[in-house]
Structures are given as C-alpha cells and as structure tokens.
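A quick write-up on the structure given underneath.
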Amino acid sequence: MMFSFKSLAVAAGIAFAAMSSVCAATPTGDVTTTTQTYTQEKSIVYVLEKTKYEVTPVVEKFHYITKDNCTVENVTPLVEELKAVLTVSIAELHALVGVDVNVLLLTSAGVKVTVAVVAQLVADILILVFGALSFVLGLAHGAVYTTLCSLFAVVGGLVGTILSLVLSLVGGVLVGLAVAIHGLIGEVVSIIVALDISVCISLLGL
Ligand SMILES: *[C@@H]1O[C@H](CO)[C@@H](O)[C@H](O)[C@H]1NC(C)=O
C-alpha cells in the first residue's frame, strides 16, 4: 500500500501520536535531500523506530522483577511478550528485502538518514533488550539462572536476526554501520558474550 507523504502525515498523526513523542529522534545534521517517495512500511527507519517503541514497555516489566519474584514462572510471560514484538519486527524487515536502498533510508520528513542515525536506533534496541536480560540474570541463581539463560538466548537470537537483516539491507550503503553500532553498545557487550549470541558476536566483531 502506497501513501503520499500528506496522507501518511495524517494517518501518522492519528495512529502514532503517542509514538511520535517517544520517537522524536528525527535526524539532525548532515542529511541529504532526495526525490524518492517515502512510504512508511518501506522505511527501515520507521520499522526500527516502531520496534524500539514497542520493545520499551516490555523491557520495563523486566526491570520491575525483584530478587523475591525472579522465578521462571514470572519471567517466562515477559520473554514471550518480547519475542512476539521482535518476531513482528523481523517480519517487517524481511518485507524490505528488494526495496531500493534510497527508499529504505528515508525518514517521514523525506530525508535520507545517515549511518549514525541507523546505528543509534539499532544500538538502542540492543541496549534495551540485552540490558533487561542482564538485569534479570543479575537477580537469578542456581536452576533459575540456568533456565533463564536458555530462554534469554532465544531472545538474543531474535535480536541477532534483526541485526543481521539491518546490516544486509543497508550495511552496503551505510559504510561502517557495524563498527558504529559496536561503538555504542559497550554496556551490553558482556551479556551478549555471556549468552553466546553468535550472530551478534560475529557481525559486530565482539
Ligand atoms: C515483582 O515484584 C515487584 C515489586 O513488588 C512488582 O512491581 C512486579 O510487578 C513483580 N513482577 C512480577 C512478574 O511478579
């Protein structure tokens, strides 16, 4: 489905009013104007912003877990919720395969994003997800810890799939994207390595 920018702006105003305030991080600085038409569902920027927006309330629930209620029974539904969000995002990124990279990189303002903007969005998603997993693992012990590690490895694998799709979609044009992402995720490198998320480890050279 194609939207003109005008109808998109109206639809976005109605349907994503809440989102736009959260995702107010429109790119600043060295942006390039382009004659390509922005289409919401063909923008990798839109998909990543939406993912970040949808992941945020779910990871907040991880941060409400305490030492006393850090059980497999309590954490499992949160894991399922996170997996559902990430799975939708993966499907949306898959749908971008074959789209002109100049269209993929457009923002709703019709400007082409820089490597720094995409790197920041991907890094934000990685930090949100792996930060939450790390927080909960820090509360867990014994058999709970072991079980949560295997549940969390599945979540990490989905994030790895998102990372690999982003890099294959736009990594050829956004030179240095993997390096830029690596440079932003220092705080979660140890949990990625501890969970042995091989896709992230190899793509980012951790
Ligand atoms: C765990 O306990 C905290 C503090 O009482 C609470 O806010 C949180 O919702 C609880 N989480 C679960 C999953 O039970």
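Going by the structure tokens order, chains are called A, B, ..., each with residues numbered from 1, while ligands are numbered from 1 in the order shown.
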
Near-ligand residues for ligand 1, threshold 6 Å, only C-alpha atoms and all ligand atoms, as a short mmCIF file (atom, residue, chain, number, x, y, z; two decimals) with C-alpha atoms, in the first residue's frame:
data_model
loop_
_atom_site.label_atom_id
_atom_site.label_comp_id
_atom_site.auth_asym_id
_atom_site.auth_seq_id
_atom_site.Cartn_x
_atom_site.Cartn_y
_atom_site.Cartn_z
CA TYR A 64 10.27 -4.46 37.84
CA ILE A 65 11.35 -8.03 38.67
CA THR A 66 12.89 -8.25 42.12
CA ASN A 69 9.84 -12.75 42.42
CA ASN A 74 7.21 -14.87 36.37
#

Residue contacts of Leu93 of chain A (8 Å, only C-alpha atoms) excluding same-chain residues fewer than 2 positions away, as an MDAnalysis selection string
chainID A and resid 44 47 89:91 95:97 162 165:166

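Atom pair atom CA of Leu148 of chain A / atom CA of Leu121 of chain A: separated by 26.4 Å.
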
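You can rank A:Val58, A:Val154, A:Leu104, A:Leu206 by their closest distance to Val170 of chain A using only C-alpha atoms, and at the top of that list sits A:Leu104.
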
Among segment 16-202 of chain A, which ones does DSSP assign to alpha helix (DSSP H) (computed from the backbone)? Answer as a ChimeraX atom specification.
/A:17-22,44-63,72-94,101-104,115-137,142-170,177-184,189-194,198-202

Any idea what's packed within 12 Å of Ser202 of chain A, counting only C-alpha atoms, ignoring anything in its chain fewer than 6 positions away? Could you give it as an MDAnalysis selection string?
chainID A and resid 160 163:164 178:179 182 192:193 196

Next, dump the selected residues to file, keeping only C-alpha atoms, as an mmCIF file, in the first residue's frame.
data_model
loop_
_atom_site.group_PDB
_atom_site.id
_atom_site.type_symbol
_atom_site.label_atom_id
_atom_site.label_comp_id
_atom_site.auth_asym_id
_atom_site.auth_seq_id
_atom_site.Cartn_x
_atom_site.Cartn_y
_atom_site.Cartn_z
ATOM 1 C CA GLY A 160 20.729 -11.155 16.199
ATOM 2 C CA LEU A 163 20.874 -7.004 13.393
ATOM 3 C CA SER A 164 21.767 -9.269 10.509
ATOM 4 C CA ALA A 178 28.596 -2.445 12.241
ATOM 5 C CA VAL A 179 31.557 -0.567 13.694
ATOM 6 C CA HIS A 182 29.688 -1.753 18.230
ATOM 7 C CA ILE A 192 25.846 -10.724 24.629
ATOM 8 C CA VAL A 193 29.061 -12.687 25.053
ATOM 9 C CA ASP A 196 26.861 -16.524 23.466
#

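For the residues A:Ala153, A:Leu204, A:Leu174, A:Leu133, ranking by smallest atom-to-atom distance to Thr114 of chain A using only C-alpha atoms places A:Leu174 first.
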